[in-house]
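Visitor: One file: entry19.cif (mmCIF, C-alpha atoms).
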```
data_entry
loop_
_atom_site.group_PDB
_atom_site.id
_atom_site.type_symbol
_atom_site.label_atom_id
_atom_site.label_comp_id
_atom_site.auth_asym_id
_atom_site.auth_seq_id
_atom_site.Cartn_x
_atom_site.Cartn_y
_atom_site.Cartn_z
ATOM 1 C CA MET A 124 71.136 38.970 3.399
ATOM 2 C CA ASP A 125 72.130 42.617 3.090
ATOM 3 C CA ALA A 126 74.934 44.354 4.975
ATOM 4 C CA SER A 127 72.593 45.963 7.512
ATOM 5 C CA ASN A 128 71.311 42.581 8.700
ATOM 6 C CA VAL A 129 74.874 41.268 9.101
ATOM 7 C CA ILE A 130 75.781 44.256 11.261
ATOM 8 C CA LYS A 131 72.641 43.783 13.372
ATOM 9 C CA ASN A 132 73.308 40.064 13.952
ATOM 10 C CA LYS A 133 77.009 40.467 14.825
ATOM 11 C CA PRO A 134 76.513 41.911 18.366
ATOM 12 C CA HIS A 135 73.981 39.162 19.071
ATOM 13 C CA LYS A 136 76.522 36.484 18.134
ATOM 14 C CA THR A 137 79.221 38.142 20.230
ATOM 15 C CA GLN A 138 76.924 38.271 23.251
ATOM 16 C CA GLN A 139 76.019 34.603 22.725
ATOM 17 C CA GLN A 140 79.680 33.649 22.625
ATOM 18 C CA LYS A 141 80.316 35.484 25.894
ATOM 19 C CA THR A 142 77.399 33.676 27.513
ATOM 20 C CA GLU A 143 78.722 30.319 26.349
ATOM 21 C CA ARG A 144 82.166 31.118 27.709
ATOM 22 C CA ARG A 145 80.734 32.075 31.104
ATOM 23 C CA LEU A 146 78.712 28.862 31.141
ATOM 24 C CA SER A 147 81.772 26.759 30.277
ATOM 25 C CA VAL A 148 83.734 28.394 33.126
ATOM 26 C CA TRP A 149 80.955 27.621 35.602
ATOM 27 C CA LEU A 150 80.744 24.044 34.359
ATOM 28 C CA MET A 151 84.513 23.610 34.747
ATOM 29 C CA LEU A 152 84.583 25.185 38.215
ATOM 30 C CA PRO A 153 83.807 21.957 40.169
ATOM 31 C CA SER A 154 86.603 20.121 38.341
ATOM 32 C CA MET A 155 89.016 22.961 39.013
ATOM 33 C CA ILE A 156 88.125 22.938 42.712
ATOM 34 C CA LEU A 157 88.636 19.164 42.928
ATOM 35 C CA LEU A 158 91.950 19.498 41.082
ATOM 36 C CA LEU A 159 93.040 22.156 43.568
ATOM 37 C CA MET A 160 91.998 20.052 46.555
ATOM 38 C CA PHE A 161 93.387 16.669 45.537
ATOM 39 C CA PHE A 162 96.394 17.571 43.383
ATOM 40 C CA LEU A 163 97.785 21.039 43.931
ATOM 41 C CA THR A 164 97.202 21.129 47.695
ATOM 42 C CA PRO A 165 99.094 17.848 48.382
ATOM 43 C CA MET A 166 101.876 19.037 46.090
ATOM 44 C CA ILE A 167 102.244 22.287 48.008
ATOM 45 C CA LEU A 168 102.125 20.481 51.371
ATOM 46 C CA THR A 169 104.787 18.035 50.177
ATOM 47 C CA VAL A 170 107.141 20.902 49.341
ATOM 48 C CA VAL A 171 106.409 22.582 52.682
ATOM 49 C CA PHE A 172 106.904 19.411 54.748
ATOM 50 C CA SER A 173 110.180 18.655 52.955
ATOM 51 C CA LEU A 174 111.518 21.870 54.457
ATOM 52 C CA THR A 175 110.615 20.852 58.024
ATOM 53 C CA ASN A 176 111.753 18.322 60.643
ATOM 54 C CA LEU A 177 108.402 16.487 60.489
ATOM 55 C CA SER A 178 108.667 13.144 62.282
ATOM 56 C CA LEU A 179 106.420 10.465 63.773
ATOM 57 C CA THR A 180 108.460 9.947 66.932
ATOM 58 C CA GLY A 181 110.828 11.867 69.183
ATOM 59 C CA GLU A 182 111.000 15.556 69.956
ATOM 60 C CA ALA A 183 110.357 16.563 66.351
ATOM 61 C CA ALA A 184 106.951 14.857 66.462
ATOM 62 C CA SER A 185 105.698 17.335 69.061
ATOM 63 C CA SER A 186 107.425 20.457 67.760
ATOM 64 C CA LEU A 187 107.441 21.098 64.046
ATOM 65 C CA HIS A 188 110.219 23.444 62.892
ATOM 66 C CA PHE A 189 111.243 24.936 59.569
ATOM 67 C CA ILE A 190 114.787 23.725 58.783
ATOM 68 C CA GLY A 191 115.175 24.971 55.211
ATOM 69 C CA PHE A 192 117.139 22.741 52.840
ATOM 70 C CA GLN A 193 118.699 20.620 55.581
ATOM 71 C CA ASN A 194 116.803 17.490 54.461
ATOM 72 C CA TYR A 195 118.092 17.942 50.915
ATOM 73 C CA LEU A 196 121.678 18.453 52.100
ATOM 74 C CA GLN A 197 121.416 15.331 54.231
ATOM 75 C CA MET A 198 119.910 13.409 51.349
ATOM 76 C CA PHE A 199 122.607 14.250 48.805
ATOM 77 C CA LYS A 200 125.304 13.345 51.345
ATOM 78 C CA ASP A 201 123.694 9.947 51.891
ATOM 79 C CA PRO A 202 125.395 7.293 49.700
ATOM 80 C CA ALA A 203 122.152 5.287 49.795
ATOM 81 C CA LEU A 204 120.530 7.942 47.568
ATOM 82 C CA ALA A 205 122.989 7.360 44.718
ATOM 83 C CA THR A 206 122.453 3.614 45.062
ATOM 84 C CA SER A 207 118.680 4.061 44.951
ATOM 85 C CA ILE A 208 118.823 6.302 41.888
ATOM 86 C CA TRP A 209 121.050 3.800 40.078
ATOM 87 C CA ASN A 210 118.772 0.906 41.062
ATOM 88 C CA THR A 211 115.763 2.873 39.817
ATOM 89 C CA ILE A 212 117.414 3.549 36.451
ATOM 90 C CA VAL A 213 118.373 -0.119 36.011
ATOM 91 C CA PHE A 214 114.937 -1.332 37.091
ATOM 92 C CA VAL A 215 113.074 1.061 34.778
ATOM 93 C CA LEU A 216 115.396 0.503 31.815
ATOM 94 C CA PHE A 217 115.311 -3.295 31.831
ATOM 95 C CA SER A 218 111.796 -3.952 33.103
ATOM 96 C CA ALA A 219 109.900 -1.172 31.295
ATOM 97 C CA VAL A 220 111.809 0.223 28.321
ATOM 98 C CA ILE A 221 113.336 -3.102 27.225
ATOM 99 C CA GLY A 222 111.303 -5.861 28.866
ATOM 100 C CA GLN A 223 107.667 -4.776 28.757
ATOM 101 C CA CYS A 224 107.889 -2.953 25.419
ATOM 102 C CA PHE A 225 109.803 -5.746 23.676
ATOM 103 C CA PHE A 226 107.675 -8.637 24.905
ATOM 104 C CA GLY A 227 104.482 -6.600 24.534
ATOM 105 C CA PHE A 228 105.298 -5.910 20.890
ATOM 106 C CA LEU A 229 106.416 -9.511 20.296
ATOM 107 C CA ILE A 230 103.213 -11.014 21.712
ATOM 108 C CA ALA A 231 101.010 -8.511 19.857
ATOM 109 C CA PHE A 232 102.855 -9.218 16.589
ATOM 110 C CA MET A 233 102.582 -12.992 17.038
ATOM 111 C CA MET A 234 98.850 -12.730 17.796
ATOM 112 C CA ARG A 235 98.219 -10.602 14.731
ATOM 113 C CA GLY A 236 95.972 -12.261 12.209
ATOM 114 C CA LYS A 237 95.263 -15.223 14.461
ATOM 115 C CA ASN A 238 91.833 -16.647 15.215
ATOM 116 C CA LYS A 239 89.675 -14.347 17.395
ATOM 117 C CA THR A 240 89.040 -17.072 19.954
ATOM 118 C CA PHE A 241 92.776 -17.768 20.235
ATOM 119 C CA ARG A 242 93.532 -14.067 20.650
ATOM 120 C CA ARG A 243 90.907 -13.705 23.367
ATOM 121 C CA ILE A 244 92.161 -16.684 25.355
ATOM 122 C CA ILE A 245 95.830 -15.622 25.186
ATOM 123 C CA GLY A 246 94.888 -12.004 25.870
ATOM 124 C CA LEU A 247 92.874 -12.916 28.971
ATOM 125 C CA ILE A 248 95.739 -15.033 30.342
ATOM 126 C CA ILE A 249 98.243 -12.190 29.918
ATOM 127 C CA ILE A 250 95.874 -9.490 31.168
ATOM 128 C CA ALA A 251 95.148 -11.578 34.278
ATOM 129 C CA ALA A 252 98.719 -10.882 35.425
ATOM 130 C CA TRP A 253 98.293 -7.147 34.815
ATOM 131 C CA VAL A 254 95.098 -6.789 36.858
ATOM 132 C CA THR A 255 96.520 -8.822 39.767
ATOM 133 C CA PRO A 256 97.631 -6.520 42.647
ATOM 134 C CA GLU A 257 101.376 -5.994 42.989
ATOM 135 C CA VAL A 258 101.435 -7.501 46.489
ATOM 136 C CA VAL A 259 99.837 -10.729 45.243
ATOM 137 C CA VAL A 260 102.249 -10.885 42.291
ATOM 138 C CA GLY A 261 105.150 -10.366 44.691
ATOM 139 C CA PHE A 262 104.075 -13.250 46.933
ATOM 140 C CA CYS A 263 103.575 -15.495 43.880
ATOM 141 C CA TRP A 264 107.108 -14.836 42.669
ATOM 142 C CA VAL A 265 108.541 -15.305 46.166
ATOM 143 C CA ALA A 266 106.857 -18.728 46.203
ATOM 144 C CA PHE A 267 108.315 -19.448 42.756
ATOM 145 C CA LEU A 268 111.856 -18.151 43.339
ATOM 146 C CA GLY A 269 112.234 -18.877 47.066
ATOM 147 C CA ASP A 270 114.791 -21.304 48.496
ATOM 148 C CA ASN A 271 112.147 -24.032 48.641
ATOM 149 C CA GLY A 272 110.170 -22.594 45.757
ATOM 150 C CA THR A 273 108.799 -24.120 42.590
ATOM 151 C CA LEU A 274 111.811 -23.205 40.413
ATOM 152 C CA ASN A 275 114.329 -24.879 42.732
ATOM 153 C CA MET A 276 112.082 -27.914 43.060
ATOM 154 C CA LEU A 277 111.823 -28.320 39.292
ATOM 155 C CA ALA A 278 115.538 -27.689 38.764
ATOM 156 C CA HIS A 279 116.428 -30.297 41.395
ATOM 157 C CA ASN A 280 113.982 -32.974 40.243
ATOM 158 C CA LEU A 281 114.520 -32.552 36.502
ATOM 159 C CA LEU A 282 118.154 -31.439 36.239
ATOM 160 C CA GLY A 283 119.617 -32.468 39.566
ATOM 161 C CA MET A 284 120.689 -28.885 40.351
ATOM 162 C CA LYS A 285 121.280 -27.653 43.866
ATOM 163 C CA PRO A 286 118.821 -25.070 45.225
ATOM 164 C CA VAL A 287 119.736 -21.459 44.451
ATOM 165 C CA ALA A 288 118.721 -18.478 46.600
ATOM 166 C CA TRP A 289 117.458 -16.512 43.591
ATOM 167 C CA LEU A 290 116.123 -13.561 45.600
ATOM 168 C CA TYR A 291 119.455 -13.203 47.396
ATOM 169 C CA THR A 292 121.886 -14.113 44.603
ATOM 170 C CA PHE A 293 120.064 -12.366 41.722
ATOM 171 C CA PRO A 294 117.703 -9.889 43.457
ATOM 172 C CA MET A 295 117.540 -7.239 40.724
ATOM 173 C CA VAL A 296 117.022 -9.819 37.987
ATOM 174 C CA SER A 297 114.233 -11.379 40.054
ATOM 175 C CA ILE A 298 112.220 -8.178 40.517
ATOM 176 C CA ILE A 299 112.766 -7.188 36.869
ATOM 177 C CA ILE A 300 111.390 -10.530 35.650
ATOM 178 C CA ALA A 301 108.400 -10.243 37.995
ATOM 179 C CA ASN A 302 107.609 -6.700 36.849
ATOM 180 C CA VAL A 303 107.957 -7.651 33.175
ATOM 181 C CA TRP A 304 105.611 -10.597 33.741
ATOM 182 C CA ARG A 305 103.037 -8.336 35.347
ATOM 183 C CA GLY A 306 103.273 -5.246 33.125
ATOM 184 C CA THR A 307 103.678 -6.709 29.625
ATOM 185 C CA ALA A 308 99.904 -6.903 29.106
ATOM 186 C CA PHE A 309 99.547 -3.109 28.912
ATOM 187 C CA SER A 310 102.142 -2.823 26.143
ATOM 188 C CA MET A 311 100.598 -5.788 24.363
ATOM 189 C CA MET A 312 97.173 -4.121 24.230
ATOM 190 C CA VAL A 313 98.651 -0.818 23.021
ATOM 191 C CA PHE A 314 100.669 -2.478 20.251
ATOM 192 C CA GLN A 315 97.822 -4.787 19.292
ATOM 193 C CA THR A 316 95.610 -1.808 18.533
ATOM 194 C CA ALA A 317 98.357 -0.076 16.536
ATOM 195 C CA LEU A 318 99.221 -3.184 14.516
ATOM 196 C CA ASP A 319 95.573 -3.836 13.667
ATOM 197 C CA ASP A 320 95.379 -0.329 12.150
ATOM 198 C CA ILE A 321 98.142 -1.000 9.612
ATOM 199 C CA PRO A 322 96.564 -1.418 6.149
ATOM 200 C CA GLN A 323 97.078 -4.917 4.791
ATOM 201 C CA GLU A 324 97.468 -3.509 1.296
ATOM 202 C CA VAL A 325 100.785 -1.883 2.255
ATOM 203 C CA GLU A 326 102.270 -5.136 3.516
ATOM 204 C CA GLU A 327 100.890 -7.130 0.588
ATOM 205 C CA ALA A 328 102.500 -4.681 -1.833
ATOM 206 C CA ALA A 329 105.834 -5.018 -0.018
ATOM 207 C CA VAL A 330 105.632 -8.820 -0.195
ATOM 208 C CA MET A 331 104.879 -8.645 -3.922
ATOM 209 C CA ASP A 332 107.955 -6.441 -4.350
ATOM 210 C CA GLY A 333 110.079 -9.199 -2.812
ATOM 211 C CA ALA A 334 110.362 -8.035 0.798
ATOM 212 C CA THR A 335 111.420 -10.720 3.279
ATOM 213 C CA ARG A 336 109.708 -11.266 6.634
ATOM 214 C CA TRP A 337 112.480 -9.390 8.445
ATOM 215 C CA GLN A 338 112.359 -6.470 5.995
ATOM 216 C CA LEU A 339 108.589 -6.350 6.348
ATOM 217 C CA VAL A 340 108.911 -5.947 10.119
ATOM 218 C CA THR A 341 111.844 -3.517 10.191
ATOM 219 C CA ARG A 342 110.950 -1.334 7.195
ATOM 220 C CA ILE A 343 107.154 -1.405 7.162
ATOM 221 C CA THR A 344 105.631 -2.489 10.474
ATOM 222 C CA ILE A 345 107.906 -0.779 13.014
ATOM 223 C CA PRO A 346 108.159 2.581 11.153
ATOM 224 C CA MET A 347 104.357 2.732 10.913
ATOM 225 C CA VAL A 348 103.917 2.242 14.682
ATOM 226 C CA LYS A 349 106.987 4.151 15.897
ATOM 227 C CA GLY A 350 104.774 6.884 17.384
ATOM 228 C CA THR A 351 102.891 4.279 19.398
ATOM 229 C CA ILE A 352 106.186 2.717 20.507
ATOM 230 C CA ALA A 353 107.488 6.061 21.780
ATOM 231 C CA THR A 354 104.219 6.856 23.573
ATOM 232 C CA ASN A 355 104.109 3.415 25.178
ATOM 233 C CA ILE A 356 107.691 3.750 26.401
ATOM 234 C CA MET A 357 106.774 7.027 28.101
ATOM 235 C CA LEU A 358 103.715 5.530 29.811
ATOM 236 C CA VAL A 359 105.405 2.370 31.084
ATOM 237 C CA THR A 360 108.433 4.372 32.245
ATOM 238 C CA LEU A 361 106.311 6.661 34.411
ATOM 239 C CA GLN A 362 104.336 3.690 35.699
ATOM 240 C CA THR A 363 107.459 1.687 36.579
ATOM 241 C CA LEU A 364 109.057 4.628 38.387
ATOM 242 C CA GLY A 365 106.396 4.313 41.078
ATOM 243 C CA VAL A 366 106.514 0.520 41.556
ATOM 244 C CA PHE A 367 106.810 -0.152 45.284
ATOM 245 C CA SER A 368 104.640 -3.017 46.550
ATOM 246 C CA LEU A 369 106.122 -5.598 44.188
ATOM 247 C CA ILE A 370 109.724 -4.815 45.181
ATOM 248 C CA TYR A 371 109.026 -4.455 48.887
ATOM 249 C CA THR A 372 107.091 -7.737 48.985
ATOM 250 C CA MET A 373 109.800 -9.701 47.179
ATOM 251 C CA THR A 374 113.039 -8.302 48.618
ATOM 252 C CA GLY A 375 112.237 -5.400 50.960
ATOM 253 C CA GLY A 376 114.877 -3.404 49.072
ATOM 254 C CA GLY A 377 117.616 -5.869 49.997
ATOM 255 C CA PRO A 378 119.909 -7.572 50.256
ATOM 256 C CA GLU A 379 121.999 -4.608 51.424
ATOM 257 C CA ASN A 380 120.025 -2.072 49.332
ATOM 258 C CA ALA A 381 120.634 -4.090 46.142
ATOM 259 C CA THR A 382 117.004 -3.529 45.074
ATOM 260 C CA SER A 383 116.292 -0.327 46.989
ATOM 261 C CA THR A 384 114.714 1.921 44.358
ATOM 262 C CA LEU A 385 113.638 5.477 45.168
ATOM 263 C CA PRO A 386 110.068 4.525 46.245
ATOM 264 C CA VAL A 387 111.474 1.867 48.608
ATOM 265 C CA PHE A 388 114.151 4.232 49.925
ATOM 266 C CA MET A 389 111.511 6.921 50.496
ATOM 267 C CA TYR A 390 109.229 4.491 52.362
ATOM 268 C CA LYS A 391 112.019 3.287 54.650
ATOM 269 C CA GLN A 392 113.031 6.814 55.608
ATOM 270 C CA ALA A 393 109.466 8.042 56.120
ATOM 271 C CA PHE A 394 107.730 5.056 57.747
ATOM 272 C CA VAL A 395 110.534 2.825 59.070
ATOM 273 C CA SER A 396 112.868 5.533 60.365
ATOM 274 C CA TYR A 397 109.815 7.813 60.969
ATOM 275 C CA GLN A 398 111.505 10.826 59.291
ATOM 276 C CA LEU A 399 108.551 12.142 57.299
ATOM 277 C CA GLY A 400 110.232 15.409 56.359
ATOM 278 C CA TYR A 401 113.215 13.541 54.959
ATOM 279 C CA GLY A 402 110.923 11.092 53.168
ATOM 280 C CA THR A 403 108.952 13.863 51.464
ATOM 281 C CA ALA A 404 112.206 15.416 50.251
ATOM 282 C CA ILE A 405 113.096 12.081 48.625
ATOM 283 C CA SER A 406 109.634 11.927 47.041
ATOM 284 C CA LEU A 407 110.286 15.273 45.355
ATOM 285 C CA VAL A 408 113.469 13.861 43.823
ATOM 286 C CA LEU A 409 111.384 10.995 42.449
ATOM 287 C CA LEU A 410 108.854 13.506 41.129
ATOM 288 C CA LEU A 411 111.656 15.499 39.485
ATOM 289 C CA ILE A 412 113.007 12.390 37.742
ATOM 290 C CA GLY A 413 109.518 11.588 36.462
ATOM 291 C CA ALA A 414 109.062 15.161 35.216
ATOM 292 C CA LEU A 415 112.425 15.134 33.428
ATOM 293 C CA ALA A 416 111.580 11.805 31.809
ATOM 294 C CA SER A 417 108.229 13.203 30.671
ATOM 295 C CA LEU A 418 109.828 16.317 29.171
ATOM 296 C CA LEU A 419 112.416 14.165 27.391
ATOM 297 C CA TYR A 420 109.763 11.915 25.879
ATOM 298 C CA MET A 421 107.587 14.873 24.895
ATOM 299 C CA LYS A 422 110.558 16.423 23.123
ATOM 300 C CA ILE A 423 111.174 13.144 21.301
ATOM 301 C CA LEU A 424 107.503 12.893 20.407
ATOM 302 C CA LYS A 425 107.472 16.617 19.502
ATOM 303 C CA VAL A 426 104.528 17.339 21.788
ATOM 304 C CA LYS A 427 103.840 21.017 22.335
ATOM 305 C CA ILE A 428 103.377 22.081 25.957
#
```
I'd like the structure from this file rewritten - as structure tokens, please.
Guide:
Amino acid sequence: MDASNVIKNKPHKTQQQKTERRLSVWLMLPSMILLLMFFLTPMILTVVFSLTNLSLTGEAASSLHFIGFQNYLQMFKDPALATSIWNTIVFVLFSAVIGQCFFGFLIAFMMRGKNKTFRRIIGLIIIAAWVTPEVVVGFCWVAFLGDNGTLNMLAHNLLGMKPVAWLYTFPMVSIIIANVWRGTAFSMMVFQTALDDIPQEVEEAAVMDGATRWQLVTRITIPMVKGTIATNIMLVTLQTLGVFSLIYTMTGGGPENATSTLPVFMYKQAFVSYQLGYGTAISLVLLLIGALASLLYMKILKVKI
């Protein structure tokens, strides 16, 4: 093809590219409209309502007023906020970062190389807990840990122990165990996929070089899936930040705010005390914590924004 033909075809290609770009914009327009309607609009309204005296009862319910940052000033003066933030950190750290990731990796590692039928049966049993609604899981654990629950019955009949009010004496431990039991399946599936992708030749070579089982795990297996571990921690952290039904069903945030995480604290202020403006301000604090956690994980994972 001579130079004249190249010059003649170049404008045609440029025009075709412009047409394709216009078409792609039109095809993306419905998605952008839906995103605006169901994501950006609620976000904007949440910020607006947090600056008002919006309420479900009383004088404020009939006359909405702009009060500026009064809800935020009230919130940061409330000692219950600090308690809720601390409870949220403890709950997320032990139930998501430590509990779900550790047991998810352990189960996936133990199932590695096992018979397919065995893996399917164990996987279905664990996944059954994950797909069960939080409210149902909460009621199940209340029945297990209650004063007259299964655990106390077994402890009394087998060991002669006196009944223990687990949900009152160890409330945070109780909800952490319940959330780990429910959420471990997600981490297990993530790690199972990552472990199956590790070439067997690498591990076989390490064994031939004299590597022990512990060295094989710490120096070969974990380094090769460390990206998956970091990504999974980010996902389960963000998921656990929003856990509400499980905690509210088991303890209601009690006793004496001992298990009142930010979602529970927000719900009580918005729908128990009927202060919707105050509740939306608390929800923005929860959103900010989630955003900061996401930015931290993305920096660790070296993800470009």
Visitor: I'd like the neighbourhood of segment 243-254 of chain A as a list in words, where a residue qualifies if any of its atoms comes within 9 Å (using all atoms listed in the file), though same-chain residues fewer than 3 positions away should be ignored.
Guide: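 So, after excluding close chain neighbours, the residues are Met234, Asn238, Lys239, Thr240, Glu257, Val260, Trp304, Arg305, Gly306, Thr307, Ala308, Phe309, Met311 and Met312 of chain A.
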Visitor: Would you write out, as a Markdown table, a table of all residues in segment 225-291 of chain A that have an atom no more than 12 Å from an atom of segment 358-369 of chain A, listing for each the closest atom pair and the distance in Å to one decimal, considering all atoms listed in the file and ordering rows by chain and rising residue number?
Guide:
```
| residue | atom | partner | partner_atom | distance |
| --- | --- | --- | --- | --- |
| A:Phe225 | CA | A:Val359 | CA | 11.8 |
| A:Gly227 | CA | A:Val359 | CA | 11.1 |
| A:Thr255 | CA | A:Leu369 | CA | 11.1 |
| A:Pro256 | CA | A:Leu369 | CA | 8.7 |
| A:Glu257 | CA | A:Leu369 | CA | 4.9 |
| A:Val258 | CA | A:Ser368 | CA | 5.5 |
| A:Val259 | CA | A:Leu369 | CA | 8.2 |
| A:Val260 | CA | A:Leu369 | CA | 6.8 |
| A:Gly261 | CA | A:Leu369 | CA | 4.9 |
| A:Phe262 | CA | A:Leu369 | CA | 8.4 |
| A:Cys263 | CA | A:Leu369 | CA | 10.2 |
| A:Trp264 | CA | A:Leu369 | CA | 9.4 |
| A:Val265 | CA | A:Leu369 | CA | 10.2 |
```
Visitor: Could you give me, as a Markdown table, every segment 345-414 of chain A residue with an atom at most 10 Å from segment 279-293 of chain A, plus its closest atom pair and distance in Å to one decimal, counting only C-alpha atoms, rows ordered by chain then number?
Guide:
```
| residue | atom | partner | partner_atom | distance |
| --- | --- | --- | --- | --- |
| A:Met373 | CA | A:Leu290 | CA | 7.6 |
| A:Thr374 | CA | A:Leu290 | CA | 6.8 |
| A:Gly377 | CA | A:Tyr291 | CA | 8.0 |
| A:Pro378 | CA | A:Tyr291 | CA | 6.3 |
| A:Glu379 | CA | A:Tyr291 | CA | 9.8 |
| A:Ala381 | CA | A:Tyr291 | CA | 9.3 |
| A:Thr382 | CA | A:Phe293 | CA | 9.9 |
```
Visitor: Generate a file of the selected residues that holds C-alpha atoms, formatted as a compact mmCIF listing (two decimals), keeping the file's coordinate frame.
Guide:
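Just written: result.txt:
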```
# COMPACT_ATOMS: atom_id res chain seq x y z
CA MET A 373 109.80 -9.70 47.18
CA THR A 374 113.04 -8.30 48.62
CA GLY A 377 117.62 -5.87 50.00
CA PRO A 378 119.91 -7.57 50.26
CA GLU A 379 122.00 -4.61 51.42
CA ALA A 381 120.63 -4.09 46.14
CA THR A 382 117.00 -3.53 45.07
```
Visitor: Name all residues at most 12 Å from Asp320 of chain A (count only C-alpha atoms; drop same-chain ones fewer than 5 positions away) and give them as a ChimeraX atom specification.
Guide: /A:235-236,313-315,325,344,347-348,351
Visitor: Neighbours of Phe172 of chain A within 12 Å (only C-alpha atoms; same-chain residues fewer than 2 positions away dropped), as a ChimeraX atom specification?
Guide: /A:165-170,174-178,187-195,393,398-407
Visitor: Smallest atom-to-atom distance to Tyr371 of chain A: which of A:Gly350, A:Ile321, A:Ala334, A:Ile298, using all atoms listed in the file?
Guide: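 Closest to Tyr371 of chain A of all the choices is A:Ile298.
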Visitor: If you apply the PyMOL selection byres ((chain A and resi 337-343) around 12) to this file, what residues do you get, as a short mmCIF file (atom, residue, chain, number, x, y, z; two decimals) with C-alpha atoms, in the frame of the given file?
Guide:
```cif
data_model
loop_
_atom_site.label_atom_id
_atom_site.label_comp_id
_atom_site.auth_asym_id
_atom_site.auth_seq_id
_atom_site.Cartn_x
_atom_site.Cartn_y
_atom_site.Cartn_z
CA PHE A 228 105.30 -5.91 20.89
CA LEU A 229 106.42 -9.51 20.30
CA PHE A 232 102.86 -9.22 16.59
CA MET A 233 102.58 -12.99 17.04
CA LEU A 318 99.22 -3.18 14.52
CA ILE A 321 98.14 -1.00 9.61
CA PRO A 322 96.56 -1.42 6.15
CA GLN A 323 97.08 -4.92 4.79
CA GLU A 324 97.47 -3.51 1.30
CA VAL A 325 100.78 -1.88 2.26
CA GLU A 326 102.27 -5.14 3.52
CA GLU A 327 100.89 -7.13 0.59
CA ALA A 328 102.50 -4.68 -1.83
CA ALA A 329 105.83 -5.02 -0.02
CA VAL A 330 105.63 -8.82 -0.20
CA MET A 331 104.88 -8.64 -3.92
CA ASP A 332 107.96 -6.44 -4.35
CA GLY A 333 110.08 -9.20 -2.81
CA ALA A 334 110.36 -8.04 0.80
CA THR A 335 111.42 -10.72 3.28
CA ARG A 336 109.71 -11.27 6.63
CA THR A 344 105.63 -2.49 10.47
CA ILE A 345 107.91 -0.78 13.01
CA PRO A 346 108.16 2.58 11.15
CA MET A 347 104.36 2.73 10.91
CA VAL A 348 103.92 2.24 14.68
CA LYS A 349 106.99 4.15 15.90
#
```
Visitor: When distances are computed from all atoms listed in the file, which of A:Met357, A:Ala203, A:Ile299, A:Leu409 shows the smallest separation from Lys391 of chain A?
Guide: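 When distances to Lys391 of chain A are compared using all atoms listed in the file, the smallest one comes from A:Ala203.
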Visitor: How far is it from atom CA of Gln223 of chain A to atom CA of Met295 of chain A, in Å with one decimal?
Guide: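 One can read the atom CA of Gln223 of chain A to atom CA of Met295 of chain A distance as 15.7 Å.
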Visitor: For atom CA of Leu157 of chain A and atom CA of Arg144 of chain A, determine how far apart the two atoms are, in Å to one decimal place.
Guide: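 Distance reported for this atom pair: 20.4 Å.
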